[in-house]
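Novice: Structure supplied as query_36.txt; contents: compact mmCIF, C-alpha atoms.
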```txt
# COMPACT_ATOMS: atom_id res chain seq x y z
CA MET M 119 -112.46 -140.50 30.91
CA LEU M 120 -110.09 -143.21 29.66
CA ALA M 121 -107.11 -141.02 30.42
CA ARG M 122 -108.31 -140.73 34.02
CA LEU M 123 -108.78 -144.50 34.30
CA ALA M 124 -105.33 -145.18 32.91
CA LYS M 125 -103.82 -142.70 35.35
CA ALA M 126 -105.49 -144.56 38.21
CA ALA M 127 -103.94 -147.75 36.89
CA GLY M 128 -100.47 -146.23 37.11
CA PHE M 129 -99.98 -145.55 33.39
CA ALA M 130 -99.00 -142.32 31.73
CA TYR M 131 -99.75 -141.55 28.09
CA ARG M 132 -101.05 -138.77 25.89
CA LEU M 133 -103.98 -138.69 23.55
CA SER M 134 -104.07 -136.64 20.39
CA GLU M 135 -106.97 -134.22 20.02
CA ASP M 136 -108.63 -136.55 17.51
CA GLU M 137 -108.25 -139.54 19.81
CA ARG M 138 -109.59 -137.60 22.78
CA ALA M 139 -112.61 -136.54 20.73
CA MET M 140 -113.21 -140.16 19.68
CA ASN M 141 -113.17 -141.30 23.31
CA ASP M 142 -115.47 -138.52 24.47
CA GLN M 143 -117.91 -139.29 21.67
CA ALA M 144 -117.83 -142.99 22.48
CA THR M 145 -118.69 -142.26 26.10
CA ALA M 146 -121.47 -139.84 25.16
CA GLN M 147 -123.08 -142.31 22.74
CA GLY M 148 -122.86 -145.24 25.10
CA ALA M 149 -120.23 -147.10 23.12
CA GLY M 150 -118.75 -148.28 26.39
CA THR M 151 -120.19 -151.18 28.32
CA THR M 152 -122.20 -153.46 26.06
CA ALA M 153 -123.12 -156.91 27.34
CA PRO M 154 -126.04 -159.08 28.41
CA VAL M 155 -125.70 -157.78 32.00
CA ALA M 156 -124.83 -154.39 33.42
CA GLN M 157 -122.18 -155.27 35.99
CA PRO M 158 -118.73 -156.73 35.21
CA LEU M 159 -117.88 -160.12 36.68
CA ALA M 160 -114.41 -159.02 37.76
CA PRO M 161 -113.89 -156.54 40.62
CA ALA M 162 -112.12 -153.21 40.24
CA THR M 163 -108.45 -152.96 41.20
CA ALA M 164 -107.71 -150.77 44.21
CA ALA M 165 -106.79 -147.25 43.09
CA ASN M 166 -103.57 -147.28 45.10
CA ARG M 167 -102.29 -150.52 43.57
CA GLN M 168 -101.08 -151.19 40.07
CA PRO M 169 -102.33 -154.47 38.58
CA THR M 170 -99.92 -157.04 37.22
CA ILE M 171 -100.30 -156.92 33.45
CA GLY M 172 -99.13 -159.52 30.98
CA VAL M 173 -98.94 -159.07 27.22
CA VAL M 174 -99.26 -162.01 24.83
CA ILE M 175 -97.83 -161.67 21.31
CA PRO M 176 -98.65 -164.51 18.87
CA CYS M 177 -95.67 -164.79 16.52
CA PHE M 178 -95.97 -166.08 12.98
CA ARG M 179 -93.92 -164.52 10.20
CA VAL M 180 -93.21 -161.39 12.22
CA ALA M 181 -89.47 -161.86 12.72
CA ASP M 182 -88.64 -158.53 11.07
CA ARG M 183 -91.02 -156.46 13.25
CA VAL M 184 -91.61 -158.16 16.58
CA LEU M 185 -88.48 -156.80 18.29
CA ASP M 186 -89.64 -153.24 17.66
CA VAL M 187 -93.06 -154.10 19.06
CA ILE M 188 -91.50 -155.55 22.24
CA ALA M 189 -89.27 -152.51 22.66
CA ALA M 190 -92.32 -150.22 22.55
CA ILE M 191 -94.24 -152.01 25.31
CA PRO M 192 -94.50 -149.74 28.39
CA ALA M 193 -92.45 -150.47 31.48
CA ASP M 194 -95.65 -150.86 33.53
CA VAL M 195 -96.22 -154.26 31.88
CA ALA M 196 -94.92 -157.04 34.12
CA ARG M 197 -94.52 -159.92 31.66
CA ILE M 198 -94.41 -160.37 27.88
CA TYR M 199 -95.21 -163.77 26.36
CA CYS M 200 -94.08 -164.29 22.77
CA VAL M 201 -95.61 -167.45 21.36
CA ASP M 202 -93.76 -168.80 18.32
CA ASP M 203 -96.55 -170.62 16.50
CA GLY M 204 -94.34 -172.83 14.36
CA CYS M 205 -93.04 -169.71 12.60
CA PRO M 206 -91.04 -170.63 9.47
CA ASP M 207 -88.97 -167.45 9.92
CA GLY M 208 -87.92 -168.40 13.43
CA SER M 209 -89.54 -165.45 15.21
CA GLY M 210 -89.13 -167.06 18.61
CA GLN M 211 -85.46 -167.83 18.14
CA ARG M 212 -84.81 -164.31 16.88
CA ILE M 213 -86.41 -162.90 20.01
CA ALA M 214 -84.40 -165.23 22.23
CA ASP M 215 -81.14 -164.29 20.49
CA ASN M 216 -81.64 -160.52 20.29
CA CYS M 217 -84.02 -159.40 23.05
CA ARG M 218 -82.53 -158.57 26.45
CA ASP M 219 -85.81 -157.53 28.07
CA ALA M 220 -86.09 -159.57 31.29
CA ARG M 221 -89.89 -159.48 31.05
CA VAL M 222 -89.91 -161.57 27.88
CA SER M 223 -90.64 -165.29 27.81
CA VAL M 224 -90.60 -167.19 24.51
CA LEU M 225 -93.04 -170.10 24.18
CA HIS M 226 -92.88 -172.50 21.23
CA HIS M 227 -95.31 -174.62 19.21
CA ALA M 228 -93.65 -177.40 17.26
CA ARG M 229 -96.03 -176.74 14.35
CA ASN M 230 -98.31 -173.95 13.25
CA ARG M 231 -101.59 -174.33 15.12
CA GLY M 232 -103.20 -170.93 14.51
CA VAL M 233 -103.44 -167.62 16.31
CA GLY M 234 -106.13 -168.92 18.65
CA ALA M 235 -103.98 -171.81 19.83
CA ALA M 236 -101.04 -169.43 20.30
CA MET M 237 -103.18 -167.13 22.42
CA VAL M 238 -104.46 -169.97 24.57
CA THR M 239 -100.84 -171.00 25.25
CA GLY M 240 -100.02 -167.43 26.22
CA TYR M 241 -103.16 -167.05 28.34
CA ARG M 242 -102.40 -170.22 30.29
CA GLN M 243 -98.87 -169.10 31.03
CA ALA M 244 -100.08 -165.66 32.10
CA LEU M 245 -102.60 -167.26 34.47
CA ALA M 246 -99.88 -169.55 35.85
CA ASP M 247 -97.77 -166.44 36.53
CA ASN M 248 -100.71 -164.77 38.34
CA MET M 249 -101.19 -161.93 35.87
CA GLU M 250 -104.34 -159.94 36.67
CA VAL M 251 -104.96 -158.42 33.23
CA VAL M 252 -103.79 -160.02 29.98
CA VAL M 253 -103.43 -157.96 26.80
CA LYS M 254 -103.15 -159.31 23.26
CA ILE M 255 -101.26 -157.42 20.59
CA ASP M 256 -99.89 -158.65 17.29
CA GLY M 257 -96.23 -158.72 16.41
CA ASP M 258 -96.55 -157.09 12.99
CA GLY M 259 -96.55 -153.48 14.20
CA GLN M 260 -100.21 -152.74 13.35
CA MET M 261 -101.11 -152.24 17.03
CA ASP M 262 -99.47 -149.44 18.99
CA PRO M 263 -98.26 -150.73 22.39
CA ALA M 264 -98.63 -147.18 23.74
CA LEU M 265 -102.40 -147.78 23.74
CA ILE M 266 -102.20 -150.60 26.28
CA ALA M 267 -103.23 -148.25 29.09
CA ARG M 268 -106.37 -147.32 27.21
CA PHE M 269 -107.41 -150.97 27.01
CA VAL M 270 -106.49 -151.81 30.59
CA GLY M 271 -108.11 -148.74 32.17
CA PRO M 272 -111.79 -149.83 32.06
CA ILE M 273 -110.89 -153.28 33.41
CA VAL M 274 -108.87 -151.84 36.28
CA ALA M 275 -111.74 -149.48 37.11
CA GLY M 276 -114.23 -152.34 37.24
CA GLU M 277 -116.19 -151.07 34.25
CA ALA M 278 -115.47 -153.96 31.90
CA ASP M 279 -114.26 -157.56 31.89
CA TYR M 280 -112.93 -157.47 28.33
CA THR M 281 -111.91 -154.60 26.08
CA LYS M 282 -111.27 -154.72 22.36
CA GLY M 283 -110.30 -152.32 19.62
CA ASN M 284 -112.80 -150.78 17.22
CA ARG M 285 -111.34 -149.35 14.01
CA PHE M 286 -114.80 -148.42 12.69
CA PHE M 287 -115.88 -145.89 15.30
CA SER M 288 -114.58 -142.91 13.33
CA PRO M 289 -114.48 -142.75 9.51
CA ALA M 290 -111.13 -140.99 9.76
CA SER M 291 -109.61 -143.99 11.52
CA LEU M 292 -110.30 -146.18 8.46
CA ALA M 293 -108.16 -144.11 6.12
CA GLY M 294 -105.40 -146.72 5.97
CA MET M 295 -107.61 -149.82 5.73
CA PRO M 296 -107.97 -151.40 2.26
CA PRO M 297 -111.60 -151.14 0.98
CA VAL M 298 -111.96 -154.92 0.68
CA ARG M 299 -111.13 -155.27 4.37
CA VAL M 300 -113.61 -152.54 5.31
CA ILE M 301 -116.42 -154.37 3.50
CA GLY M 302 -115.42 -157.80 4.77
CA ASN M 303 -115.00 -156.73 8.39
CA ALA M 304 -118.31 -154.86 8.32
CA ALA M 305 -120.06 -158.02 7.11
CA LEU M 306 -118.38 -160.16 9.75
CA SER M 307 -119.35 -157.61 12.42
CA PHE M 308 -122.99 -157.97 11.40
CA PHE M 309 -122.90 -161.76 11.83
CA SER M 310 -121.02 -161.47 15.11
CA LYS M 311 -123.81 -159.41 16.65
CA PHE M 312 -126.22 -162.27 16.07
CA SER M 313 -123.93 -165.01 17.35
CA THR M 314 -122.73 -163.22 20.50
CA GLY M 315 -125.60 -160.96 21.55
CA TYR M 316 -123.21 -158.00 21.94
CA TRP M 317 -125.29 -155.73 19.74
CA ASN M 318 -123.28 -152.54 20.33
CA VAL M 319 -119.87 -154.15 19.78
CA PHE M 320 -118.28 -153.75 16.36
CA ASP M 321 -115.10 -154.92 14.60
CA PRO M 322 -115.18 -158.40 16.21
CA ASN M 323 -111.99 -159.56 14.49
CA ASN M 324 -109.90 -156.75 15.93
CA GLY M 325 -106.98 -158.45 17.64
CA TYR M 326 -106.12 -155.69 20.12
CA THR M 327 -107.76 -156.93 23.32
CA ALA M 328 -107.43 -157.03 27.09
CA VAL M 329 -109.15 -159.37 29.55
CA HIS M 330 -109.37 -159.71 33.32
CA ALA M 331 -107.72 -162.91 34.54
CA GLY M 332 -110.74 -163.77 36.68
CA VAL M 333 -112.94 -163.85 33.61
CA LEU M 334 -110.30 -165.71 31.60
CA LYS M 335 -110.36 -168.49 34.19
CA ALA M 336 -114.10 -168.89 33.65
CA LEU M 337 -113.72 -169.58 29.92
CA PRO M 338 -113.23 -173.05 28.39
CA LEU M 339 -109.89 -172.18 26.78
CA GLU M 340 -109.53 -175.63 25.24
CA ARG M 341 -112.73 -175.07 23.23
CA ILE M 342 -111.90 -171.66 21.76
CA ALA M 343 -111.23 -171.63 18.00
CA ASP M 344 -107.58 -172.16 17.04
CA GLY M 345 -107.48 -170.09 13.85
CA TYR M 346 -108.56 -166.65 12.70
CA PHE M 347 -112.02 -167.14 14.19
CA PHE M 348 -110.39 -166.82 17.61
CA GLU M 349 -111.40 -163.21 18.37
CA ALA M 350 -115.01 -163.74 17.30
CA ASP M 351 -115.21 -167.00 19.23
CA MET M 352 -113.81 -165.26 22.31
CA LEU M 353 -116.77 -162.88 22.19
CA PHE M 354 -119.14 -165.82 22.00
CA ARG M 355 -117.48 -167.53 24.97
CA LEU M 356 -117.58 -164.26 26.92
CA SER M 357 -121.29 -163.96 26.22
CA THR M 358 -121.90 -167.40 27.75
CA VAL M 359 -120.46 -166.21 31.08
CA ARG M 360 -122.21 -162.83 30.65
CA ALA M 361 -119.01 -160.80 30.70
CA VAL M 362 -119.07 -157.06 30.07
CA VAL M 363 -117.33 -156.07 26.83
CA GLN M 364 -116.25 -152.56 25.91
CA ASP M 365 -115.10 -151.20 22.55
CA ILE M 366 -112.02 -148.96 22.52
CA PRO M 367 -111.77 -146.60 19.51
CA MET M 368 -108.46 -146.92 17.67
CA ARG M 369 -106.94 -146.23 14.27
CA ALA M 370 -106.20 -148.85 11.66
CA VAL M 371 -102.48 -149.01 10.87
CA TYR M 372 -101.49 -150.58 7.56
CA ARG M 373 -98.04 -150.25 6.07
CA ASP M 374 -96.27 -152.82 3.90
CA GLU M 375 -96.86 -155.80 6.19
CA ARG M 376 -98.71 -158.79 4.78
CA SER M 377 -101.79 -160.12 6.55
CA ASP M 378 -102.40 -163.87 6.38
CA LEU M 379 -106.13 -163.33 6.89
CA ARG M 380 -108.06 -163.21 3.61
CA VAL M 381 -111.31 -161.57 4.63
CA LEU M 382 -113.42 -162.39 1.56
CA ARG M 383 -112.19 -165.99 1.54
CA GLU M 384 -113.11 -166.37 5.21
CA ILE M 385 -116.59 -164.81 5.06
CA LEU M 386 -118.40 -168.08 4.28
CA PRO M 387 -116.57 -170.21 6.90
CA PHE M 388 -116.97 -167.42 9.46
CA THR M 389 -120.67 -167.10 8.62
CA TRP M 390 -121.18 -170.82 9.23
CA ARG M 391 -119.38 -170.66 12.58
CA HIS M 392 -121.36 -167.59 13.61
CA THR M 393 -124.57 -169.46 12.73
CA VAL M 394 -123.54 -172.42 14.91
CA ASN M 395 -122.63 -170.08 17.77
CA PHE M 396 -125.94 -168.25 17.38
CA PHE M 397 -127.95 -171.42 18.03
CA LYS M 398 -125.62 -172.40 20.86
CA ARG M 399 -126.22 -169.00 22.47
CA ILE M 400 -129.98 -169.38 22.15
CA VAL M 401 -129.89 -172.81 23.81
CA TYR M 402 -127.53 -171.67 26.58
CA SER M 403 -129.34 -168.41 27.32
CA TYR M 404 -133.00 -169.39 26.95
CA PHE M 405 -133.18 -173.08 27.84
CA LEU M 406 -130.20 -174.19 29.93
CA ARG M 407 -129.47 -171.20 32.17
CA ASP M 408 -132.95 -169.76 32.30
CA PHE M 409 -136.48 -170.29 31.04
CA HIS M 410 -138.89 -167.39 30.61
CA LEU M 411 -141.38 -165.86 28.19
CA ALA M 412 -138.75 -165.45 25.47
CA SER M 413 -138.02 -169.18 25.72
CA ILE M 414 -141.67 -169.94 24.91
CA GLU M 415 -141.54 -167.50 22.02
CA TRP M 416 -138.47 -169.29 20.66
CA LEU M 417 -140.35 -172.60 20.83
CA LEU M 418 -143.60 -171.38 19.30
CA GLY M 419 -142.30 -168.75 16.87
CA PRO M 420 -140.41 -171.00 14.43
CA ALA M 421 -143.15 -173.65 14.59
CA LEU M 422 -145.91 -171.14 13.82
CA LEU M 423 -143.81 -169.54 11.07
CA LEU M 424 -143.26 -172.94 9.43
CA PHE M 425 -146.97 -173.75 9.71
CA GLY M 426 -147.91 -170.41 8.13
CA VAL M 427 -145.51 -170.90 5.21
CA LEU M 428 -146.67 -174.46 4.53
CA TYR M 429 -150.34 -173.60 4.87
CA GLY M 430 -149.99 -170.57 2.62
CA ALA M 431 -148.10 -172.55 0.00
CA THR M 432 -150.75 -175.30 0.07
CA GLU M 433 -153.57 -172.79 -0.38
CA TRP M 434 -151.70 -171.04 -3.20
CA ALA M 435 -151.12 -174.37 -4.99
CA GLU M 436 -154.80 -175.30 -4.65
CA SER M 437 -155.81 -171.88 -6.02
CA VAL M 438 -153.59 -172.38 -9.06
CA ARG M 439 -154.92 -175.91 -9.63
CA SER M 440 -158.61 -174.99 -9.34
CA GLY M 441 -158.41 -171.62 -11.05
CA VAL M 442 -160.29 -170.03 -8.14
CA VAL M 443 -158.59 -166.87 -6.92
CA ALA M 444 -157.81 -167.13 -3.22
CA THR M 445 -159.08 -164.27 -1.09
CA ALA M 446 -156.68 -162.10 0.86
CA GLY M 447 -158.58 -162.83 4.09
```
Represent the supplied structure as structure tokens.
Specialist:
Amino acid sequence: MLARLAKAAGFAYRLSEDERAMNDQATAQGAGTTAPVAQPLAPATAANRQPTIGVVIPCFRVADRVLDVIAAIPADVARIYCVDDGCPDGSGQRIADNCRDARVSVLHHARNRGVGAAMVTGYRQALADNMEVVVKIDGDGQMDPALIARFVGPIVAGEADYTKGNRFFSPASLAGMPPVRVIGNAALSFFSKFSTGYWNVFDPNNGYTAVHAGVLKALPLERIADGYFFEADMLFRLSTVRAVVQDIPMRAVYRDERSDLRVLREILPFTWRHTVNFFKRIVYSYFLRDFHLASIEWLLGPALLLFGVLYGATEWAESVRSGVVATAG
């Protein structure tokens, strides 16, 4: 199905047998559209017209790999935005000095502000240039640019507002991922489900994403997390506008590159942020935008639970003090 969508978008690529099987299985199991509402916010692109696609590459300590990533980006992509996020290795300058691709624009941050801030800079420039779909890939070579069509296809077809990679869909695709990252990402995925409401979406910190520009304009970009919580916070922001999110099965690619994200170190801070976003989502969804039976349950449920715990504890304490065994009823 994804190959057909990509073809309609004007892309040409080939899937391996394993990748084709992963896509077919995802479609059969309903791993596609997963969001609070059934219909995407953004309209489909006409089948006879190719959308203008921009790619944003946040650059921090990727000077030795980013040129190869740029060279592999398909010709169907209209613009490439490389955001040098205060890179100490001068990634942006290296691109400017050595890349002759006319599609490339290099944007600079005077200091390191985080991947989220770099993406917001790239998003804003892509919107200013009237890109219709904006893709995010990293500059370290872990994300294959040949897969861009697979991410863009559902958006072009009007089946999704936002697509993201999922390295956990097939056990075989995790072969190259270090065990500590498997455990950490699985834990973060669990918390993300609670904070965003996207219950069928997994691998929330996967940085391979694509988003429709119309949906991007509806998001408060200035409020999205600057650091490594960016991808998870994007899902939360998307949930507040009820965007349709779709997972795209992909393989994890790990070679000798060094990741600056320390999953185990970030679990506690991420858990706190997910908790904050969870309560924000409850307030937004059940009290500000709408009020229905579930809203009443949210008001009464915690209060009754607290009353039950306090009353039970009081009765248990009195039973211990008096020596009279409390009845079960």
Novice: Quick one: distance from atom CA of M:Ser288 to atom CA of M:Val362 in Å, one decimal?
Specialist: 22.4 Å
Novice: Point out the residue among M:Ala236, M:Ala431, M:Ala160, M:Leu411 with the least atom-to-atom distance to M:Gly276, counting only C-alpha atoms.
Specialist: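 Of M:Ala236, M:Ala431, M:Ala160, M:Leu411, the one nearest M:Gly276 is M:Ala160, counting only C-alpha atoms.
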Novice: Around all of stretch 230-240 of chain M's listed atoms, make the axis-aligned box with 6 Å on each side and tell me centre and edge lengths in Å to one decimal, as AutoDock Vina command-line options.
Specialist:
```
--center_x -102.2 --center_y -170.7 --center_z 19.7 --size_x 19.8 --size_y 19.2 --size_z 25.0
```
Novice: Calculated over only C-alpha atoms, which of the candidates M:His227, M:Arg355, M:Arg391, M:Arg439 has the smallest distance to M:Pro206?
Specialist: M:His227
Novice: Please, which residues in stretch 212-246 of chain M fall within 9 Å of stretch 340-354 of chain M when counting only C-alpha atoms, and what is the closest atom pair and distance in Å to one decimal for each, ordered by chain then residue number, as a tab-separated table?
Specialist:
```
residue	atom	partner	partner_atom	distance
M:Arg231	CA	M:Asp344	CA	6.7
M:Gly232	CA	M:Gly345	CA	4.4
M:Val233	CA	M:Gly345	CA	5.3
M:Gly234	CA	M:Asp344	CA	3.9
M:Ala235	CA	M:Asp344	CA	4.6
M:Ala236	CA	M:Asp344	CA	7.8
M:Met237	CA	M:Asp344	CA	8.6
M:Val238	CA	M:Glu340	CA	7.6
```
Novice: Atom CA of M:Val222 and atom CA of M:Arg183, how far apart in Å?
Specialist: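 Distance between the two atoms: 15.5 Å.
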Novice: Name the residues in contact with M:Ser413 at a cut-off of 10 Å, using all atoms listed in the file, excluding same-chain residues fewer than 4 positions from it; report them as an MDAnalysis selection string.
Specialist: chainID M and resid 400:401 403:405 408:409 417:419
Novice: Selected residues, C-alpha atoms, written as an mmCIF file, in the frame of the given file, please.
Specialist:
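New file part.cif:
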```cif
data_model
loop_
_atom_site.group_PDB
_atom_site.id
_atom_site.type_symbol
_atom_site.label_atom_id
_atom_site.label_comp_id
_atom_site.auth_asym_id
_atom_site.auth_seq_id
_atom_site.Cartn_x
_atom_site.Cartn_y
_atom_site.Cartn_z
ATOM 1 C CA ILE M 400 -129.980 -169.380 22.150
ATOM 2 C CA VAL M 401 -129.890 -172.810 23.810
ATOM 3 C CA SER M 403 -129.340 -168.410 27.320
ATOM 4 C CA TYR M 404 -133.000 -169.390 26.950
ATOM 5 C CA PHE M 405 -133.180 -173.080 27.840
ATOM 6 C CA ASP M 408 -132.950 -169.760 32.300
ATOM 7 C CA PHE M 409 -136.480 -170.290 31.040
ATOM 8 C CA LEU M 417 -140.350 -172.600 20.830
ATOM 9 C CA LEU M 418 -143.600 -171.380 19.300
ATOM 10 C CA GLY M 419 -142.300 -168.750 16.870
#
```
Novice: Return the single residue from M:Asn324, M:Phe269, M:Met295, M:Gly172 that is closest to M:Ser307, with distances computed using only C-alpha atoms.
Specialist: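 Answer, going by the shortest atom-to-atom distance: M:Asn324.
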Novice: May I ask you to restore N, CA and C atoms in stretch 405-424 of chain M and write the result as a PDB file, in the frame of the given file?
Specialist:
```
ATOM      1  N   PHE M 405    -132.672-171.768  27.451  1.00  0.00           N
ATOM      2  CA  PHE M 405    -133.180-173.080  27.840  1.00  0.00           C
ATOM      3  C   PHE M 405    -132.346-173.770  28.916  1.00  0.00           C
ATOM      4  N   LEU M 406    -131.029-173.533  28.928  1.00  0.00           N
ATOM      5  CA  LEU M 406    -130.200-174.190  29.930  1.00  0.00           C
ATOM      6  C   LEU M 406    -130.033-173.356  31.190  1.00  0.00           C
ATOM      7  N   ARG M 407    -129.717-172.064  31.015  1.00  0.00           N
ATOM      8  CA  ARG M 407    -129.470-171.200  32.170  1.00  0.00           C
ATOM      9  C   ARG M 407    -130.720-170.546  32.714  1.00  0.00           C
ATOM     10  N   ASP M 408    -131.730-170.439  31.870  1.00  0.00           N
ATOM     11  CA  ASP M 408    -132.950-169.760  32.300  1.00  0.00           C
ATOM     12  C   ASP M 408    -134.084-170.217  31.399  1.00  0.00           C
ATOM     13  N   PHE M 409    -135.309-169.991  31.858  1.00  0.00           N
ATOM     14  CA  PHE M 409    -136.480-170.290  31.040  1.00  0.00           C
ATOM     15  C   PHE M 409    -137.544-169.260  31.381  1.00  0.00           C
ATOM     16  N   HIS M 410    -137.923-168.459  30.372  1.00  0.00           N
ATOM     17  CA  HIS M 410    -138.890-167.390  30.610  1.00  0.00           C
ATOM     18  C   HIS M 410    -139.742-167.200  29.371  1.00  0.00           C
ATOM     19  N   LEU M 411    -140.453-166.073  29.300  1.00  0.00           N
ATOM     20  CA  LEU M 411    -141.380-165.860  28.190  1.00  0.00           C
ATOM     21  C   LEU M 411    -140.678-165.937  26.836  1.00  0.00           C
ATOM     22  N   ALA M 412    -139.476-165.387  26.743  1.00  0.00           N
ATOM     23  CA  ALA M 412    -138.750-165.450  25.470  1.00  0.00           C
ATOM     24  C   ALA M 412    -138.452-166.881  25.063  1.00  0.00           C
ATOM     25  N   SER M 413    -138.268-167.763  26.034  1.00  0.00           N
ATOM     26  CA  SER M 413    -138.020-169.180  25.720  1.00  0.00           C
ATOM     27  C   SER M 413    -139.240-169.789  25.032  1.00  0.00           C
ATOM     28  N   ILE M 414    -140.432-169.448  25.541  1.00  0.00           N
ATOM     29  CA  ILE M 414    -141.670-169.940  24.910  1.00  0.00           C
ATOM     30  C   ILE M 414    -141.817-169.382  23.507  1.00  0.00           C
ATOM     31  N   GLU M 415    -141.452-168.111  23.352  1.00  0.00           N
ATOM     32  CA  GLU M 415    -141.540-167.500  22.020  1.00  0.00           C
ATOM     33  C   GLU M 415    -140.597-168.189  21.048  1.00  0.00           C
ATOM     34  N   TRP M 416    -139.403-168.584  21.535  1.00  0.00           N
ATOM     35  CA  TRP M 416    -138.470-169.290  20.660  1.00  0.00           C
ATOM     36  C   TRP M 416    -139.000-170.668  20.276  1.00  0.00           C
ATOM     37  N   LEU M 417    -139.771-171.295  21.146  1.00  0.00           N
ATOM     38  CA  LEU M 417    -140.350-172.600  20.830  1.00  0.00           C
ATOM     39  C   LEU M 417    -141.509-172.477  19.853  1.00  0.00           C
ATOM     40  N   LEU M 418    -142.396-171.507  20.114  1.00  0.00           N
ATOM     41  CA  LEU M 418    -143.600-171.380  19.300  1.00  0.00           C
ATOM     42  C   LEU M 418    -143.361-170.618  18.003  1.00  0.00           C
ATOM     43  N   GLY M 419    -142.503-169.611  18.042  1.00  0.00           N
ATOM     44  CA  GLY M 419    -142.300-168.750  16.870  1.00  0.00           C
ATOM     45  C   GLY M 419    -141.905-169.506  15.619  1.00  0.00           C
ATOM     46  N   PRO M 420    -140.801-170.253  15.635  1.00  0.00           N
ATOM     47  CA  PRO M 420    -140.410-171.000  14.430  1.00  0.00           C
ATOM     48  C   PRO M 420    -141.471-171.998  13.980  1.00  0.00           C
ATOM     49  N   ALA M 421    -142.126-172.664  14.952  1.00  0.00           N
ATOM     50  CA  ALA M 421    -143.150-173.650  14.590  1.00  0.00           C
ATOM     51  C   ALA M 421    -144.334-172.986  13.894  1.00  0.00           C
ATOM     52  N   LEU M 422    -144.787-171.849  14.432  1.00  0.00           N
ATOM     53  CA  LEU M 422    -145.910-171.140  13.820  1.00  0.00           C
ATOM     54  C   LEU M 422    -145.521-170.551  12.463  1.00  0.00           C
ATOM     55  N   LEU M 423    -144.278-170.073  12.358  1.00  0.00           N
ATOM     56  CA  LEU M 423    -143.810-169.540  11.070  1.00  0.00           C
ATOM     57  C   LEU M 423    -143.809-170.656  10.019  1.00  0.00           C
ATOM     58  N   LEU M 424    -143.289-171.820  10.369  1.00  0.00           N
ATOM     59  CA  LEU M 424    -143.260-172.940   9.430  1.00  0.00           C
ATOM     60  C   LEU M 424    -144.672-173.349   9.034  1.00  0.00           C
TER      61      LEU M 424
END
```
